[in-house]
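Engineer: Got a structure for you, structure.cif, holding mmCIF, C-alpha atoms.
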```cif
data_data
loop_
_atom_site.label_atom_id
_atom_site.label_comp_id
_atom_site.auth_asym_id
_atom_site.auth_seq_id
_atom_site.Cartn_x
_atom_site.Cartn_y
_atom_site.Cartn_z
CA MET A 1 11.88 -12.02 -7.85
CA LYS A 2 13.76 -9.90 -10.35
CA PHE A 3 15.79 -7.12 -8.78
CA LEU A 4 13.76 -4.03 -8.04
CA LYS A 5 14.58 -0.39 -7.69
CA ILE A 6 12.41 1.70 -5.54
CA LEU A 7 10.46 4.00 -4.02
CA LEU A 8 6.75 4.57 -3.18
CA LEU A 9 3.70 2.60 -4.26
CA PHE A 10 0.69 0.39 -3.49
CA ILE A 11 -1.53 -1.72 -5.74
CA SER A 12 -3.22 -1.23 -9.23
CA LEU A 13 -1.05 0.05 -11.91
CA GLN A 14 -0.10 2.46 -14.63
CA LEU A 15 2.73 2.14 -17.12
CA THR A 16 4.98 4.96 -18.36
CA ALA A 17 3.89 8.38 -19.48
CA GLN A 18 3.24 7.06 -22.99
CA GLN A 19 1.30 3.87 -22.30
CA GLY A 20 -0.91 2.67 -19.53
CA GLY A 21 -4.28 2.53 -17.85
CA MET A 22 -5.97 1.27 -14.70
CA TRP A 23 -5.14 -2.41 -14.50
CA ILE A 24 -6.27 -4.64 -11.65
CA PRO A 25 -3.27 -6.69 -10.37
CA SER A 26 -5.24 -9.96 -10.22
CA LEU A 27 -6.15 -9.60 -13.92
CA LEU A 28 -2.68 -8.91 -15.32
CA GLN A 29 -2.02 -12.48 -16.41
CA GLY A 30 -3.36 -13.07 -19.90
CA MET A 31 -4.36 -9.41 -20.32
CA ASN A 32 -1.50 -6.95 -19.76
CA GLU A 33 1.52 -9.10 -18.97
CA GLU A 34 2.72 -9.37 -22.59
CA GLU A 35 2.32 -5.63 -23.16
CA MET A 36 4.26 -4.84 -19.99
CA GLN A 37 7.12 -7.10 -21.00
CA SER A 38 7.22 -5.65 -24.50
CA LEU A 39 7.76 -2.26 -22.85
CA GLY A 40 10.74 -3.56 -20.88
CA SER A 41 9.37 -5.16 -17.73
CA LYS A 42 11.42 -8.09 -16.43
CA MET A 43 8.66 -9.03 -14.00
CA THR A 44 5.92 -11.54 -14.69
CA ALA A 45 2.30 -11.06 -13.65
CA SER A 46 2.84 -13.54 -10.82
CA ASP A 47 5.85 -11.53 -9.61
CA ILE A 48 3.41 -8.68 -9.04
CA TYR A 49 0.34 -10.59 -7.83
CA ASP A 50 0.23 -14.18 -6.63
CA VAL A 51 -2.19 -15.66 -4.09
CA ASN A 52 -0.18 -18.80 -3.34
CA HIS A 53 3.34 -17.38 -3.30
CA SER A 54 4.98 -14.19 -2.12
CA SER A 55 4.77 -11.34 -4.62
CA LEU A 56 5.06 -7.58 -4.92
CA LYS A 57 1.59 -7.05 -3.43
CA ASP A 58 2.84 -8.48 -0.11
CA ALA A 59 5.40 -5.68 0.24
CA ILE A 60 2.95 -2.85 -0.39
CA GLY A 61 0.87 -1.64 2.55
CA HIS A 62 -2.04 0.77 2.82
CA PHE A 63 -0.77 3.20 5.47
CA ASN A 64 -3.39 4.39 7.98
CA GLY A 65 -6.23 4.37 5.43
CA GLY A 66 -4.87 7.07 3.16
CA CYS A 67 -1.26 6.58 2.06
CA THR A 68 1.10 4.07 0.51
CA SER A 69 3.87 2.27 2.37
CA GLU A 70 6.51 -0.26 1.38
CA VAL A 71 8.17 -3.00 3.41
CA ILE A 72 11.91 -2.69 2.81
CA SER A 73 13.46 -5.26 5.15
CA SER A 74 12.97 -8.77 6.49
CA LYS A 75 12.28 -7.21 9.91
CA GLY A 76 9.17 -5.27 8.94
CA LEU A 77 10.82 -1.91 8.27
CA VAL A 78 8.40 0.33 6.36
CA LEU A 79 8.92 3.39 4.20
CA THR A 80 6.22 6.01 3.60
CA ASN A 81 5.96 9.74 2.95
CA HIS A 82 6.98 12.26 5.59
CA HIS A 83 3.60 13.97 5.34
CA CYS A 84 1.84 10.61 5.75
CA GLY A 85 3.62 9.97 9.04
CA TYR A 86 3.58 13.61 10.14
CA SER A 87 0.78 13.21 12.70
CA GLN A 88 2.67 10.40 14.43
CA ILE A 89 5.94 12.36 14.38
CA GLN A 90 4.12 15.37 15.81
CA SER A 91 2.41 13.30 18.53
CA HIS A 92 5.80 12.36 19.98
CA SER A 93 7.07 15.95 19.90
CA SER A 94 7.27 18.47 22.73
CA LEU A 95 8.62 21.99 23.21
CA GLU A 96 11.77 20.48 24.69
CA ASN A 97 12.13 17.77 22.02
CA ASP A 98 10.51 18.84 18.77
CA LEU A 99 10.81 15.81 16.48
CA THR A 100 8.99 17.58 13.64
CA LYS A 101 11.70 20.25 13.60
CA ASN A 102 14.75 18.18 14.49
CA GLY A 103 13.89 14.73 13.14
CA PHE A 104 14.13 11.40 14.90
CA TRP A 105 16.09 8.17 14.57
CA ALA A 106 15.75 5.13 16.84
CA LYS A 107 19.13 3.53 17.49
CA ASP A 108 17.62 0.13 18.29
CA TYR A 109 14.25 -1.63 18.67
CA SER A 110 13.80 -0.36 22.23
CA GLU A 111 13.80 3.28 21.04
CA GLU A 112 11.11 2.79 18.39
CA LEU A 113 7.95 4.68 19.35
CA PRO A 114 4.44 3.09 19.37
CA ASN A 115 1.50 4.93 17.78
CA GLU A 116 -2.01 4.35 19.05
CA GLY A 117 -4.57 3.97 16.27
CA LEU A 118 -2.04 3.70 13.44
CA PHE A 119 -2.40 0.69 11.12
CA ILE A 120 -1.00 -0.78 7.92
CA GLU A 121 -3.16 -3.03 5.77
CA PHE A 122 -2.08 -5.56 3.14
CA ILE A 123 -4.09 -7.13 0.35
CA ILE A 124 -4.17 -10.92 0.67
CA ARG A 125 -6.23 -11.61 -2.43
CA ILE A 126 -8.59 -9.97 -4.93
CA GLU A 127 -11.72 -11.59 -6.38
CA ASP A 128 -14.09 -10.39 -9.10
CA VAL A 129 -17.57 -10.47 -7.51
CA THR A 130 -19.40 -8.41 -10.14
CA THR A 131 -21.94 -11.12 -10.97
CA GLN A 132 -22.85 -11.70 -7.32
CA VAL A 133 -23.05 -8.00 -6.44
CA LEU A 134 -25.24 -7.11 -9.42
CA ASN A 135 -27.49 -10.15 -9.07
CA GLY A 136 -31.09 -8.96 -9.55
CA VAL A 137 -30.10 -5.42 -10.50
CA SER A 138 -31.97 -4.21 -13.60
CA GLY A 139 -32.81 -1.02 -15.43
CA ASP A 140 -36.32 -1.14 -14.04
CA LEU A 141 -35.11 -0.29 -10.54
CA SER A 142 -34.65 3.23 -9.23
CA GLU A 143 -31.15 4.30 -8.22
CA LYS A 144 -32.12 3.95 -4.57
CA GLU A 145 -33.46 0.43 -5.15
CA LYS A 146 -30.35 -0.53 -7.13
CA GLN A 147 -28.02 0.66 -4.36
CA SER A 148 -30.08 -1.08 -1.70
CA LEU A 149 -29.85 -4.39 -3.58
CA ILE A 150 -26.12 -3.92 -4.24
CA ASP A 151 -25.55 -3.28 -0.53
CA LYS A 152 -27.60 -6.35 0.40
CA ASN A 153 -25.68 -8.56 -2.04
CA SER A 154 -22.34 -7.14 -0.87
CA ASN A 155 -23.15 -7.80 2.78
CA ALA A 156 -24.07 -11.41 1.95
CA ILE A 157 -20.75 -11.91 0.14
CA ASN A 158 -18.77 -10.39 3.02
CA GLN A 159 -20.46 -12.75 5.47
CA SER A 160 -19.92 -15.88 3.38
CA ILE A 161 -16.33 -15.36 2.21
CA THR A 162 -13.70 -17.84 3.41
CA LYS A 163 -10.92 -16.09 5.32
CA GLU A 164 -8.84 -16.28 8.47
CA THR A 165 -10.35 -14.86 11.66
CA TRP A 166 -7.87 -11.97 11.76
CA GLN A 167 -8.51 -10.94 8.15
CA GLY A 168 -11.03 -8.42 6.85
CA THR A 169 -12.97 -7.92 3.61
CA LYS A 170 -13.93 -4.95 1.47
CA ILE A 171 -15.95 -4.76 -1.74
CA LYS A 172 -15.17 -1.82 -4.01
CA PRO A 173 -16.84 -0.63 -7.24
CA PHE A 174 -14.75 0.02 -10.36
CA TYR A 175 -15.47 1.52 -13.78
CA ASN A 176 -18.42 3.61 -12.54
CA GLY A 177 -19.99 0.70 -10.74
CA ASN A 178 -19.90 -1.69 -13.70
CA GLU A 179 -17.48 -4.05 -11.94
CA TYR A 180 -16.98 -4.97 -8.28
CA PHE A 181 -13.94 -6.51 -6.62
CA LEU A 182 -13.60 -8.15 -3.22
CA PHE A 183 -10.40 -7.48 -1.28
CA VAL A 184 -9.37 -9.80 1.54
CA THR A 185 -7.02 -7.79 3.75
CA GLU A 186 -4.76 -8.15 6.77
CA ARG A 187 -4.38 -5.23 9.17
CA PHE A 188 -1.41 -4.70 11.50
CA GLU A 189 -1.97 -2.31 14.39
CA ASP A 190 1.35 -2.26 16.24
CA ILE A 191 3.26 0.24 14.09
CA ARG A 192 6.25 2.04 15.62
CA LEU A 193 8.10 5.15 14.46
CA VAL A 194 11.70 4.39 13.51
CA GLY A 195 12.92 7.56 11.85
CA ALA A 196 12.09 10.83 10.16
CA PRO A 197 14.20 13.65 8.72
CA PRO A 198 13.97 17.18 10.14
CA ALA A 199 11.26 19.46 8.72
CA SER A 200 13.91 21.31 6.71
CA ILE A 201 14.21 18.13 4.63
CA GLY A 202 10.85 16.37 5.04
CA LYS A 203 8.74 19.48 4.38
CA PHE A 204 11.16 21.46 2.23
CA GLY A 205 9.17 23.64 -0.15
CA ASN A 206 5.88 22.68 1.53
CA ASP A 207 2.92 22.11 -0.80
CA THR A 208 4.41 24.19 -3.59
CA ASP A 209 7.22 21.67 -3.88
CA ASN A 210 5.06 18.66 -2.99
CA TRP A 211 2.91 18.83 -6.14
CA VAL A 212 5.46 19.74 -8.81
CA TRP A 213 8.23 17.88 -10.60
CA PRO A 214 11.19 17.69 -10.27
CA ARG A 215 10.82 17.59 -6.48
CA HIS A 216 13.43 18.58 -3.93
CA THR A 217 11.67 17.33 -0.80
CA GLY A 218 13.04 14.46 1.29
CA ASP A 219 9.42 13.39 1.76
CA PHE A 220 9.90 10.16 3.70
CA SER A 221 9.54 8.64 7.14
CA MET A 222 10.18 5.15 8.44
CA PHE A 223 8.14 2.85 10.65
CA ARG A 224 8.27 -0.80 11.67
CA ILE A 225 5.45 -3.34 11.80
CA TYR A 226 5.29 -5.50 14.90
CA ALA A 227 3.39 -8.80 15.20
CA ASP A 228 2.76 -11.43 17.85
CA LYS A 229 5.10 -14.40 18.38
CA ASN A 230 3.25 -16.27 15.58
CA ASN A 231 3.87 -13.38 13.13
CA LYS A 232 0.15 -12.50 13.14
CA PRO A 233 -1.46 -9.06 13.55
CA ALA A 234 -1.82 -7.96 17.17
CA LYS A 235 -2.54 -4.89 19.26
CA TYR A 236 0.48 -3.16 20.79
CA SER A 237 2.33 -5.25 23.33
CA LYS A 238 5.86 -5.12 24.70
CA ASP A 239 6.02 -8.83 23.84
CA ASN A 240 5.42 -8.25 20.12
CA VAL A 241 8.33 -8.75 17.72
CA PRO A 242 9.29 -7.24 14.34
CA TYR A 243 7.06 -8.59 11.58
CA GLN A 244 8.61 -11.03 9.10
CA PRO A 245 6.99 -10.11 5.77
CA LYS A 246 6.18 -12.51 2.95
CA HIS A 247 8.09 -10.20 0.64
CA PHE A 248 10.07 -6.97 0.93
CA LEU A 249 11.60 -4.55 -1.57
CA PRO A 250 15.39 -4.61 -1.86
CA ILE A 251 16.80 -1.12 -2.36
CA SER A 252 19.22 -0.30 -5.15
CA LEU A 253 21.63 2.62 -5.02
CA ASP A 254 22.39 2.36 -8.75
CA GLY A 255 20.12 5.23 -9.74
CA ILE A 256 17.96 5.47 -12.86
CA SER A 257 19.07 4.78 -16.42
CA GLU A 258 17.53 6.13 -19.58
CA ASP A 259 14.67 3.95 -20.90
CA ASP A 260 14.29 2.02 -17.62
CA PHE A 261 10.88 0.41 -17.39
CA THR A 262 8.73 2.28 -14.86
CA LEU A 263 5.91 0.72 -12.90
CA VAL A 264 3.70 2.79 -10.59
CA LEU A 265 1.21 1.05 -8.30
CA VAL A 266 -1.59 2.77 -6.43
CA SER A 267 -4.30 1.44 -4.15
CA PRO A 268 -7.61 0.26 -5.55
CA VAL A 269 -8.85 -0.11 -1.96
CA GLU A 270 -8.62 3.64 -1.35
CA GLN A 271 -8.76 5.29 -4.75
CA THR A 272 -8.98 8.87 -3.50
CA ASN A 273 -5.68 9.09 -1.60
CA ILE A 274 -2.58 7.94 -3.43
CA TYR A 275 1.02 9.04 -2.93
CA PRO A 276 3.14 6.95 -5.31
CA LEU A 277 6.60 7.92 -6.46
CA LEU A 278 8.44 5.30 -8.39
CA LEU A 279 9.27 1.63 -8.74
CA LEU A 280 11.64 0.43 -11.42
CA SER A 281 12.49 -3.09 -12.52
CA LYS A 282 15.83 -3.82 -14.12
#
```
Once more with this new file: its structure as structure tokens, please.
Structural biologist:
Amino acid sequence: MKFLKILLLFISLQLTAQQGGMWIPSLLQGMNEEEMQSLGSKMTASDIYDVNHSSLKDAIGHFNGGCTSEVISSKGLVLTNHHCGYSQIQSHSSLENDLTKNGFWAKDYSEELPNEGLFIEFIIRIEDVTTQVLNGVSGDLSEKEKQSLIDKNSNAINQSITKETWQGTKIKPFYNGNEYFLFVTERFEDIRLVGAPPASIGKFGNDTDNWVWPRHTGDFSMFRIYADKNNKPAKYSKDNVPYQPKHFLPISLDGISEDDFTLVLVSPVEQTNIYPLLLLSK
């Protein structure tokens, strides 16, 4: 894939301050790809979303149901916001060893800290299921009857979809319920804390600084995904090994140039909680 510059995202996109909209990754090809490239993107639609080959979607994880995370190494190293990992950082803190205040860095795999209940979820594929979900729905039905039929149709789709045993499914409405998309997902549940800056960096400025631009907060923390010996999702075990991702984001230290193409991706699976920063292609 073309070289990427970083930092925080997940899936469904918006382009530059001047041009953009909510675009579903699986529908980019033939719809928005040409426009993106005319604006300076060096990536193709299949670089961003591809079912049969590794793509950008495979490096972007939904962190604990509410945040974005990015895989940034071939050994499952994950980057997310400091405030997204704050509960886990705090859970490992004590009066004698306050990680929230002082920060934390594991020197090797053995020092990485497990976190019960924490998960990262990846999108495997996206399918338009609007026709199936709205089958039988008409203007003659009450809102309650419409929703009941939509729920019934959605449940039938979830039960019939072809997927691996360890994968999950979700059906989400878009465009005020006029379109529905099925997401086949993969959830990893052995996620270990690798590092976090001290609060003086990670929470600098608190919410006042968190929601304005330019920002001065070092709002990041690092985790690692672990999998079983077959590289499949597994509950925590001392026998698990670092996850080998299908794709990860290489990090550039070159900085940002004027007129760089900017691509921001946010999660269509959880549309209410998004913490993207920036991804640039060069």
Engineer: Might you spell out which residues the PyMOL selection byres ((chain A and resi 125-139) around 9) would select in the displayed file, as an MDAnalysis selection string?
Structural biologist: chainID A and resid 24:26 49:51 123:124 140:142 145:147 149:154 157 171 173 178:185
Engineer: Please list as a list of chain:residue names every residue within 10 Å of Glu34 in chain A, counting only C-alpha atoms and excluding residues in the same chain fewer than 5 positions away.
Structural biologist: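 The residues that qualify are A:Leu28, A:Gln29, A:Leu39, A:Ser41, A:Thr44, A:Ala45.
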Engineer: Starting from the PyMOL selection byres ((chain A and resi 119) around 8), expand the selection into actual residues of this file and give them as a ChimeraX atom specification.
Structural biologist: /A:63-65,117-118,120-121,187-191
Engineer: Would you mind telling me which residue in A:Glu186, A:Glu116, A:Glu143, A:Asp259 lies nearest to Tyr236 in chain A when using only C-alpha atoms?
Structural biologist: A:Glu116
Engineer: Go through A:Lys246, A:Lys170, A:Glu112, A:Asn176 and flag the residue nearest Leu56 in chain A, using only C-alpha atoms for the distances.
Structural biologist: A:Lys246
Engineer: Can you list, as an MDAnalysis selection string, every protein, DNA or RNA residue that comes within 7 Å of Gly61 in chain A when you count all atoms listed in the file, leaving out same-chain residues fewer than 4 positions away?
Structural biologist: chainID A and resid 10 68:70 120:122
Engineer: Since I can't run it myself right now, could you work out what the PyMOL selection byres ((chain A and resi 201-204) around 12) selects here and report it as a PyMOL selection string?
Structural biologist: chain A and resi 80-86+89+99-104+195-200+205-210+215-222
Engineer: Between A:Ser46, A:Ser74, A:Ser91, A:Ser54, which residue has the minimum interatomic distance to Ile225 in chain A, considering only C-alpha atoms?
Structural biologist: A:Ser74
Engineer: Which is closer to Phe223 in chain A than all the others in A:Gln37, A:Asn158, A:Asn115, A:Asn52, using only C-alpha atoms?
Structural biologist: A:Asn115
Engineer: Could you check how far CA of Ala106 in chain A sits from CA of Lys238 in chain A, in Å to one decimal?
Structural biologist: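 Calculated distance between CA of Ala106 in chain A and CA of Lys238 in chain A is 16.3 Å.
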